[in-house]
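Q: Here you go, this is coords39.txt (compact mmCIF, C-alpha atoms).
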# COMPACT_ATOMS: atom_id res chain seq x y z
CA MET E 3 45.85 80.16 130.58
CA ILE E 4 48.62 81.75 128.56
CA ILE E 5 49.00 85.51 128.37
CA GLU E 6 51.25 87.66 126.23
CA SER E 7 53.32 90.27 128.00
CA SER E 8 55.63 93.03 126.80
CA ILE E 9 59.15 92.51 128.14
CA ASN E 10 58.79 95.91 129.87
CA ASN E 11 56.02 94.53 132.10
CA LEU E 12 57.87 91.42 133.33
CA ALA E 13 58.17 90.90 137.06
CA PRO E 14 60.07 88.28 139.08
CA GLY E 15 57.92 85.18 139.61
CA CYS E 16 56.40 85.16 136.10
CA LYS E 17 56.54 81.67 134.50
CA LEU E 18 57.41 81.30 130.81
CA ALA E 19 54.78 79.43 128.77
CA GLU E 20 56.99 79.08 125.67
CA ASP E 21 60.71 78.96 124.91
CA VAL E 22 62.18 82.43 124.41
CA LYS E 23 64.52 82.75 121.41
CA ASP E 24 66.50 85.75 120.17
CA ALA E 25 66.03 87.35 116.73
CA ASP E 26 68.34 84.70 115.18
CA GLY E 27 66.32 81.83 116.65
CA ARG E 28 68.87 80.99 119.33
CA MET E 29 67.36 79.65 122.53
CA LEU E 30 67.58 82.09 125.46
CA ILE E 31 65.37 80.63 128.19
CA ALA E 32 63.28 77.45 128.13
CA ALA E 33 59.53 77.23 128.70
CA GLY E 34 58.57 76.55 132.31
CA LYS E 35 61.34 78.71 133.79
CA ILE E 36 60.27 81.13 136.51
CA LEU E 37 61.80 84.54 135.87
CA ASP E 38 63.97 86.37 138.41
CA GLU E 39 65.57 89.83 138.21
CA LYS E 40 68.68 88.46 136.50
CA LEU E 41 66.75 86.64 133.76
CA ILE E 42 64.58 89.72 133.14
CA VAL E 43 67.74 91.82 132.61
CA ILE E 44 69.05 89.20 130.15
CA LEU E 45 65.76 89.22 128.22
CA LYS E 46 65.71 93.01 128.03
CA LYS E 47 69.31 93.06 126.77
CA ARG E 48 68.90 90.31 124.19
CA LEU E 49 65.44 91.07 122.81
CA LEU E 50 64.13 94.08 120.91
CA ALA E 51 62.44 96.73 123.04
CA ASP E 52 58.97 95.96 121.67
CA ALA E 53 59.30 92.15 122.01
CA THR E 54 56.68 90.13 123.87
CA VAL E 55 56.87 86.79 125.66
CA LYS E 56 54.20 84.23 126.51
CA LEU E 57 53.59 83.72 130.21
CA MET E 58 51.52 81.30 132.25
CA GLN E 59 48.81 83.19 134.04
CA PRO E 60 49.26 82.63 137.79
CA LEU E 61 46.61 80.46 139.44
CA THR E 62 43.92 82.19 141.47
CA ASP E 63 43.41 81.15 145.10
CA GLU E 64 40.25 79.27 144.07
CA GLU E 65 42.09 77.35 141.32
CA ARG E 66 44.88 76.49 143.76
CA GLU E 67 42.37 75.20 146.30
CA ALA E 68 40.52 73.17 143.63
CA GLY E 69 43.85 71.62 142.52
CA ARG E 70 44.70 70.60 146.09
CA ALA E 71 41.21 69.19 146.68
CA ARG E 72 41.44 67.11 143.50
CA ILE E 73 44.74 65.51 144.53
CA ILE E 74 43.43 64.78 148.04
CA THR E 75 40.24 63.17 146.68
CA ASP E 76 42.07 61.16 144.00
CA THR E 77 44.57 59.82 146.52
CA GLU E 78 41.87 58.94 149.06
CA TYR E 79 39.99 57.08 146.32
CA LYS E 80 43.06 55.06 145.44
CA PHE E 81 43.63 54.15 149.11
CA ARG E 82 39.91 53.38 149.70
CA LYS E 83 40.51 49.76 150.76
CA HIS E 84 43.02 50.72 153.45
CA ILE E 85 41.06 53.08 155.67
CA ASP E 86 41.88 51.12 158.85
CA ASN E 87 45.50 50.41 157.98
CA SER E 88 47.77 52.84 159.85
CA LEU E 89 50.87 52.22 157.67
CA MET E 90 48.86 52.85 154.49
CA GLN E 91 47.24 55.97 155.95
CA GLU E 92 50.64 57.35 156.93
CA PHE E 93 51.85 56.60 153.40
CA ARG E 94 48.77 58.30 151.92
CA LYS E 95 49.56 61.48 153.91
CA ILE E 96 53.14 61.48 152.63
CA ILE E 97 51.88 61.16 149.06
CA VAL E 98 49.32 63.96 149.47
CA ASP E 99 51.91 66.29 151.05
CA TYR E 100 54.33 65.52 148.25
CA ARG E 101 51.84 65.97 145.42
CA THR E 102 50.43 69.24 146.79
CA ARG E 103 53.83 70.75 147.71
CA ASP E 104 53.94 73.32 144.91
CA ILE E 105 50.28 74.29 144.85
CA MET Y 17 35.57 31.13 133.01
CA MET Y 18 38.39 29.28 134.78
CA LEU Y 19 41.29 28.53 132.46
CA ASP Y 20 42.47 24.96 132.50
CA ALA Y 21 46.07 25.05 133.75
CA GLU Y 22 47.28 22.59 131.14
CA GLU Y 23 45.55 24.47 128.34
CA LEU Y 24 47.05 27.71 129.57
CA LYS Y 25 50.54 26.17 129.60
CA ARG Y 26 49.99 24.97 126.05
CA ASN Y 27 48.84 28.42 125.02
CA ILE Y 28 51.84 30.07 126.67
CA ASN Y 29 54.06 27.71 124.68
CA ASP Y 30 52.42 28.97 121.49
CA ILE Y 31 53.55 32.53 122.22
CA PRO Y 32 56.38 33.35 119.80
CA PRO Y 33 59.86 33.16 121.32
CA LEU Y 34 62.08 36.19 121.87
CA PRO Y 35 63.86 37.39 118.71
CA VAL Y 36 66.95 35.35 117.82
CA ALA Y 37 69.17 38.39 118.39
CA VAL Y 38 68.00 38.76 122.00
CA VAL Y 39 68.46 35.06 122.75
CA GLU Y 40 71.89 34.97 121.09
CA ALA Y 41 73.02 38.17 122.83
CA MET Y 42 71.95 36.78 126.21
CA ARG Y 43 73.86 33.58 125.47
CA ILE Y 44 77.04 35.45 124.51
CA LEU Y 45 76.83 37.68 127.58
CA GLU Y 46 76.56 34.63 129.82
CA SER Y 47 79.77 33.08 128.52
CA GLU Y 48 82.98 33.63 130.47
CA GLU Y 49 84.81 35.46 127.73
CA VAL Y 50 82.47 37.76 125.92
CA ASN Y 51 83.23 38.30 122.27
CA PHE Y 52 82.25 41.94 121.72
CA TYR Y 53 82.60 41.71 117.93
CA GLU Y 54 80.24 38.76 117.74
CA LEU Y 55 77.82 40.52 120.11
CA GLN Y 56 77.89 43.73 118.06
CA ALA Y 57 77.30 41.76 114.84
CA ILE Y 58 74.29 39.97 116.30
CA ILE Y 59 72.63 43.00 117.83
CA THR Y 60 73.13 45.32 114.87
CA LYS Y 61 71.48 42.77 112.57
CA ASP Y 62 68.21 43.49 114.41
CA ALA Y 63 67.62 47.21 113.79
CA GLY Y 64 64.74 47.52 116.26
CA LEU Y 65 66.69 45.85 119.07
CA SER Y 66 69.77 47.84 118.24
CA SER Y 67 68.03 51.22 118.49
CA ARG Y 68 66.19 50.25 121.68
CA VAL Y 69 69.43 49.11 123.32
CA LEU Y 70 71.07 52.44 122.46
CA SER Y 71 68.14 54.51 123.68
CA ILE Y 72 68.02 52.63 127.00
CA ALA Y 73 71.82 52.81 127.36
CA ASN Y 74 71.59 56.59 126.86
CA SER Y 75 68.65 57.02 129.22
CA PRO Y 76 69.19 59.08 132.38
CA PHE Y 77 69.00 55.91 134.48
CA TYR Y 78 72.41 54.75 133.24
CA GLY Y 79 73.87 58.27 133.39
CA MET Y 80 75.37 58.14 129.89
CA ASP Y 81 73.46 61.14 128.61
CA GLY Y 82 73.68 60.46 124.88
CA LYS Y 83 77.34 59.42 124.98
CA VAL Y 84 76.80 55.84 123.78
CA SER Y 85 76.57 55.84 120.00
CA SER Y 86 77.30 52.24 119.04
CA ILE Y 87 76.60 48.78 120.39
CA LYS Y 88 80.31 48.03 120.74
CA GLU Y 89 80.79 51.23 122.73
CA SER Y 90 77.89 50.30 124.97
CA CYS Y 91 79.58 46.94 125.69
CA VAL Y 92 82.81 48.64 126.64
CA ILE Y 93 81.40 51.60 128.60
CA LEU Y 94 78.59 49.85 130.41
CA GLY Y 95 80.06 46.40 130.94
CA THR Y 96 78.56 43.03 130.15
CA HIS Y 97 76.37 42.85 133.26
CA THR Y 98 74.58 46.13 132.56
CA LEU Y 99 74.32 45.38 128.88
CA ARG Y 100 72.63 42.07 129.63
CA ASN Y 101 70.00 43.89 131.69
CA ILE Y 102 69.52 46.44 128.91
CA ILE Y 103 69.12 43.76 126.25
CA ILE Y 104 66.52 41.94 128.35
CA ALA Y 105 64.61 45.23 128.81
CA ALA Y 106 64.93 46.08 125.11
CA GLY Y 107 63.81 42.60 124.09
CA MET Y 108 60.69 42.82 126.26
CA MET Y 109 59.82 46.33 125.14
CA GLY Y 110 60.13 45.12 121.55
CA LYS Y 111 57.88 42.17 122.30
CA PHE Y 112 55.11 44.33 123.72
CA PRO Y 113 55.28 47.70 121.94
CA SER Y 114 52.92 50.49 123.05
CA ASP Y 115 50.56 50.11 120.11
CA MET Y 116 49.95 46.41 120.75
CA GLY Y 117 47.55 46.84 123.69
CA HIS Y 118 43.91 45.80 123.42
CA LEU Y 119 42.17 46.36 126.73
CA LEU Y 120 45.15 47.88 128.51
CA ASP Y 121 47.03 50.95 127.36
CA LEU Y 122 50.49 49.40 127.04
CA LYS Y 123 52.16 52.80 126.84
CA GLU Y 124 50.76 53.67 130.25
CA LEU Y 125 51.58 50.20 131.57
CA TRP Y 126 55.19 50.60 130.42
CA ARG Y 127 55.30 54.03 132.14
CA HIS Y 128 54.06 52.38 135.34
CA SER Y 129 56.64 49.61 134.86
CA TYR Y 130 59.47 52.04 134.18
CA ALA Y 131 58.54 54.05 137.30
CA THR Y 132 58.48 50.80 139.29
CA GLY Y 133 61.96 49.95 137.95
CA VAL Y 134 63.31 53.39 138.87
CA ALA Y 135 61.68 53.26 142.33
CA ALA Y 136 63.03 49.74 142.93
CA SER Y 137 66.48 50.87 141.92
CA LEU Y 138 66.49 54.02 144.09
CA LEU Y 139 65.01 52.27 147.14
CA SER Y 140 67.34 49.29 146.81
CA GLU Y 141 70.22 51.56 147.77
CA TYR Y 142 68.85 51.63 151.33
CA CYS Y 143 68.62 47.85 151.43
CA GLY Y 144 71.94 46.72 149.97
CA ILE Y 145 70.31 45.24 146.87
CA GLU Y 146 72.02 45.52 143.51
CA GLN Y 147 70.37 48.50 141.80
CA GLU Y 148 70.43 47.26 138.22
CA LYS Y 149 68.81 43.98 139.07
CA ALA Y 150 66.11 45.86 140.98
CA PHE Y 151 65.55 48.12 137.95
CA THR Y 152 65.15 45.23 135.53
CA ALA Y 153 62.90 43.29 137.91
CA GLY Y 154 60.70 46.36 138.43
CA LEU Y 155 60.57 47.11 134.72
CA LEU Y 156 59.40 43.57 133.92
CA HIS Y 157 57.17 42.83 136.93
CA ASP Y 158 53.91 43.23 134.96
CA ILE Y 159 54.80 41.38 131.75
CA GLY Y 160 52.12 38.84 132.73
CA LYS Y 161 49.49 41.57 132.24
CA MET Y 162 50.90 42.28 128.79
CA VAL Y 163 50.80 38.57 127.89
CA LEU Y 164 47.17 38.30 129.03
CA ASP Y 165 46.15 41.48 127.21
CA VAL Y 166 47.86 40.59 123.94
CA TYR Y 167 47.37 36.80 123.76
CA PHE Y 168 44.25 36.09 125.84
CA GLN Y 169 41.98 39.00 124.95
CA GLY Y 170 38.65 37.22 125.34
CA GLU Y 171 39.45 35.94 128.80
CA TYR Y 172 41.01 39.24 129.83
CA MET Y 173 37.89 41.16 128.86
CA ALA Y 174 35.99 39.14 131.49
CA VAL Y 175 38.73 39.89 134.04
CA ILE Y 176 38.64 43.63 133.44
CA GLN Y 177 34.86 43.75 133.62
CA TYR Y 178 34.90 41.80 136.87
CA CYS Y 179 37.69 44.00 138.25
CA GLU Y 180 35.57 47.13 137.75
CA GLN Y 181 32.35 45.56 138.92
CA ALA Y 182 33.78 43.97 142.10
CA ASP Y 183 36.17 46.88 142.84
CA PHE Y 184 39.10 44.45 143.01
CA LEU Y 185 42.78 44.72 142.25
CA LEU Y 186 43.48 43.38 138.76
CA ALA Y 187 45.53 40.52 140.30
CA ASP Y 188 42.57 39.43 142.48
CA ALA Y 189 40.13 39.67 139.57
CA GLU Y 190 42.50 37.55 137.45
CA THR Y 191 42.63 34.85 140.13
CA HIS Y 192 38.85 34.94 140.52
CA ILE Y 193 38.09 34.65 136.80
CA LEU Y 194 41.09 32.77 135.39
CA GLY Y 195 42.41 30.85 138.38
CA VAL Y 196 45.86 32.41 137.89
CA ASP Y 197 47.14 35.98 138.16
CA HIS Y 198 49.52 38.00 136.02
CA ALA Y 199 52.42 37.25 138.37
CA GLU Y 200 52.08 33.52 137.65
CA ILE Y 201 51.59 34.12 133.93
CA GLY Y 202 54.63 36.43 133.99
CA GLU Y 203 56.64 33.69 135.68
CA MET Y 204 55.64 31.17 132.98
CA ILE Y 205 56.60 33.42 130.09
CA ALA Y 206 59.81 34.60 131.78
CA ARG Y 207 60.83 30.97 132.22
CA ARG Y 208 59.92 30.16 128.64
CA TRP Y 209 62.08 33.07 127.50
CA ASN Y 210 64.96 31.97 129.76
CA LEU Y 211 65.19 35.18 131.76
CA PRO Y 212 67.55 35.01 134.76
CA GLU Y 213 66.09 33.03 137.67
CA GLU Y 214 66.14 35.97 140.11
CA ILE Y 215 64.10 38.12 137.69
CA VAL Y 216 61.65 35.23 137.21
CA ASN Y 217 61.23 34.99 140.99
CA ALA Y 218 60.72 38.73 141.41
CA ILE Y 219 58.03 38.69 138.71
CA SER Y 220 56.24 35.73 140.30
CA GLY Y 221 56.54 37.00 143.87
CA HIS Y 222 55.69 40.70 143.70
CA HIS Y 223 52.11 40.21 144.98
CA ASN Y 224 52.58 37.12 147.17
CA VAL Y 225 55.32 38.59 149.31
CA SER Y 226 54.11 37.15 152.60
CA GLU Y 227 54.85 33.64 151.37
CA LYS Y 228 58.34 34.43 150.21
CA SER Y 229 60.51 35.43 153.11
CA ASN Y 230 63.87 35.39 151.40
CA ASP Y 231 63.38 36.98 148.01
CA GLU Y 232 64.62 40.53 148.41
CA LEU Y 233 64.09 41.35 144.74
CA ALA Y 234 60.39 40.40 144.94
CA ASP Y 235 60.17 42.45 148.16
CA ILE Y 236 61.66 45.60 146.64
CA VAL Y 237 59.46 45.30 143.53
CA HIS Y 238 56.39 44.90 145.79
CA VAL Y 239 57.19 48.25 147.45
CA ALA Y 240 58.22 49.99 144.21
CA ASP Y 241 54.99 48.95 142.45
CA ILE Y 242 52.95 50.55 145.25
CA VAL Y 243 55.06 53.73 145.23
CA SER Y 244 54.71 54.06 141.47
CA ARG Y 245 50.91 53.66 141.71
CA ALA Y 246 50.69 56.15 144.59
CA LEU Y 247 52.55 58.74 142.51
CA ASP Y 248 50.05 58.15 139.72
CA ILE Y 249 52.73 57.54 137.11
CA GLY Y 250 51.34 55.59 134.15
CA TYR Y 251 48.48 53.16 134.69
CA ALA Y 252 48.69 49.61 136.06
CA GLY Y 253 45.20 48.64 134.88
CA ASP Y 254 43.16 49.18 138.07
CA THR Y 255 42.22 52.12 140.30
CA LEU Y 256 43.26 50.57 143.61
CA ILE Y 257 46.57 50.40 145.37
CA PRO Y 258 47.83 47.11 146.90
CA GLU Y 259 48.61 47.00 150.61
CA LEU Y 260 52.18 47.76 151.62
CA ASN Y 261 53.26 44.64 153.49
CA LYS Y 262 54.67 45.49 156.96
CA ASP Y 263 56.85 42.37 157.04
CA VAL Y 264 58.38 43.30 153.71
CA MET Y 265 59.25 46.80 154.98
CA LYS Y 266 60.81 45.18 158.07
CA ARG Y 267 62.72 42.58 156.02
CA LEU Y 268 64.09 45.28 153.73
CA GLY Y 269 64.80 47.63 156.65
CA LEU Y 270 62.97 50.33 154.71
CA SER Y 271 61.01 53.24 156.24
CA LEU Y 272 58.29 55.50 154.85
CA GLU Y 273 60.66 58.41 155.48
CA GLN Y 274 63.19 56.87 153.08
CA ILE Y 275 60.48 56.36 150.47
CA LYS Y 276 59.46 60.01 150.93
CA ASN Y 277 63.05 61.12 150.21
CA GLU Y 278 63.01 59.40 146.82
CA LEU Y 279 59.63 60.55 145.47
CA SER Y 280 60.84 63.55 143.49
CA LYS Y 281 63.81 61.61 142.07
CA ILE Y 282 61.44 58.90 140.82
CA GLU Y 283 59.17 61.46 139.12
CA LYS Y 284 62.08 63.30 137.52
CA ALA Y 285 63.66 60.09 136.21
CA VAL Y 286 60.40 59.06 134.52
CA GLU Y 287 59.86 62.55 133.07
CA SER Y 288 63.28 62.50 131.48
CA ALA Y 289 62.93 58.94 130.15
CA GLY Y 290 61.27 60.47 127.09
CA ASP Y 291 60.91 58.34 124.00
CA ILE Y 292 62.26 55.08 125.47
CA LEU Y 293 58.68 54.43 126.53
CA GLY Y 294 57.38 54.69 122.99
Take the structure I supplied and represent it as structure tokens, if you would.
A:
Amino acid sequence: MIIESSINNLAPGCKLAEDVKDADGRMLIAAGKILDEKLIVILKKRLLADATVKLMQPLTDEEREAGRARIITDTEYKFRKHIDNSLMQEFRKIIVDYRTRDI
Amino acid sequence: MMLDAEELKRNINDIPPLPVAVVEAMRILESEEVNFYELQAIITKDAGLSSRVLSIANSPFYGMDGKVSSIKESCVILGTHTLRNIIIAAGMMGKFPSDMGHLLDLKELWRHSYATGVAASLLSEYCGIEQEKAFTAGLLHDIGKMVLDVYFQGEYMAVIQYCEQADFLLADAETHILGVDHAEIGEMIARRWNLPEEIVNAISGHHNVSEKSNDELADIVHVADIVSRALDIGYAGDTLIPELNKDVMKRLGLSLEQIKNELSKIEKAVESAGDILG
């Protein structure tokens, strides 16, 4: 979900959903960047006071859990013929840990 | 529906050869003194090949980051050895473009293949294998699937149906229905197209690793294929993952820990490959 936020309401940790450009169309910060204090100061300096930016709405705990569960299930399905193979099971765990690292 | 081996060979021989420019460029790059002017003239005559060579040369894998703007420059900057690998890759990608797939999504298969090439290259650093060779071998390991999908559609339909119904790996379903698998078909076409012997062997050996104890390129591609599938990059045509062969890991001196260290680099390299994959 994408939400629109006034630059006055930005807080560190917000993730940009779209590129932010200044009034002349010059790129300031690319989509996907997670804002910190420094970037928020830059945005406030370079944009008009009433400007808004598009942000990714943070995931809820339930959404996070559902995302993790999906990766675990998908990976188990892919490894379904190797249930008794210890090397493959160790490899599966590495893959699950890696793919769920940011969730 | 077993295919008669002789008939299959005949049919493989009916597949059109590689474009003249690719064959000529490979010939020039094999000679002792490479004539860059001649090479440039041949490659630039084929606009498709020319643009693919430049986009691969500028891909993050070769670290040139958009700096190579002409074929002659690519010869000088990258060297003949690298350029030969790039031309082989470009020639194959031109032979099986993304929109040519029938039963398989060739765009997704090329993504899987590219990820396998990147994984093979990154992992080969731990094993003392030449990285570029590993990349090319990984990139081309599934050309047999492309040949079957594009030139043997009727037969391949039966394979794919059986693969889903029996819950098999595509390679096992191919052997069951056709009597040969994509690794063998890949070997035949790679030989017909005069690809370097070591690449031919890696293509033919990437599933039958237990029988080949001294082909390190086949070994590294075997591992890279599995890593690329586990990361879910692209689609290799089936929903299973082949078994990681313990002897191969031992032969290569490779550990799961080392594979783990490369996972994010593999994903990033594929993400930034962009439009090379069509």
Q: Considering only C-alpha atoms, extract the chain E residues located within 9 Å of chain Y and return them as a PyMOL selection string.
A: chain E and resi 77+79-84+87+89-90+92-94+96-97+100-101
Q: Work out where the centre of an axis-aligned box around every listed atom of range 63-71 of chain E lies and how long its edges are once 4 Å is added on each side; give both in Å to one decimal as lines of an AutoDock Vina configuration file.
A:
center_x = 42.6
center_y = 75.2
center_z = 144.0
size_x = 12.6
size_y = 20.0
size_z = 13.4
Q: Kindly extract all protein, DNA and RNA residues lying within 12 Å of the coordinates (79.3, 56.1, 128.2) given in the file, considering all atoms listed in the file, and supply them as a ChimeraX atom specification.
A: /Y:70,72-76,78-95,98-99
Q: Please compute the CA of Asp121 in chain Y-CA of Ile31 in chain Y distance, one decimal, in Å.
A: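 Here the two named atoms are 20.2 Å from each other.
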Q: Rounded to one decimal, what separation in Å do you get between CA of Ser8 in chain E and CA of Arg66 in chain E?
A: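 CA of Ser8 in chain E sits 26.0 Å away from CA of Arg66 in chain E.
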Q: Please compute the CA of Glu40 in chain Y-CA of Ala199 in chain Y distance, one decimal, in Å.
A: 26.1 Å
Q: List the residues sitting within 8 Å of (51.7, 40.7, 144.2) in the file's frame, using all atoms listed in the file, as a ChimeraX atom specification.
A: /Y:187,199,220-225,238,258
Q: Quick one: residues within 6 Å of range 172-179 of chain Y, only C-alpha atoms counted, chain neighbours fewer than 3 positions away excluded, as a PyMOL selection string?
A: chain Y and resi 169+182-184+186+189-190+193
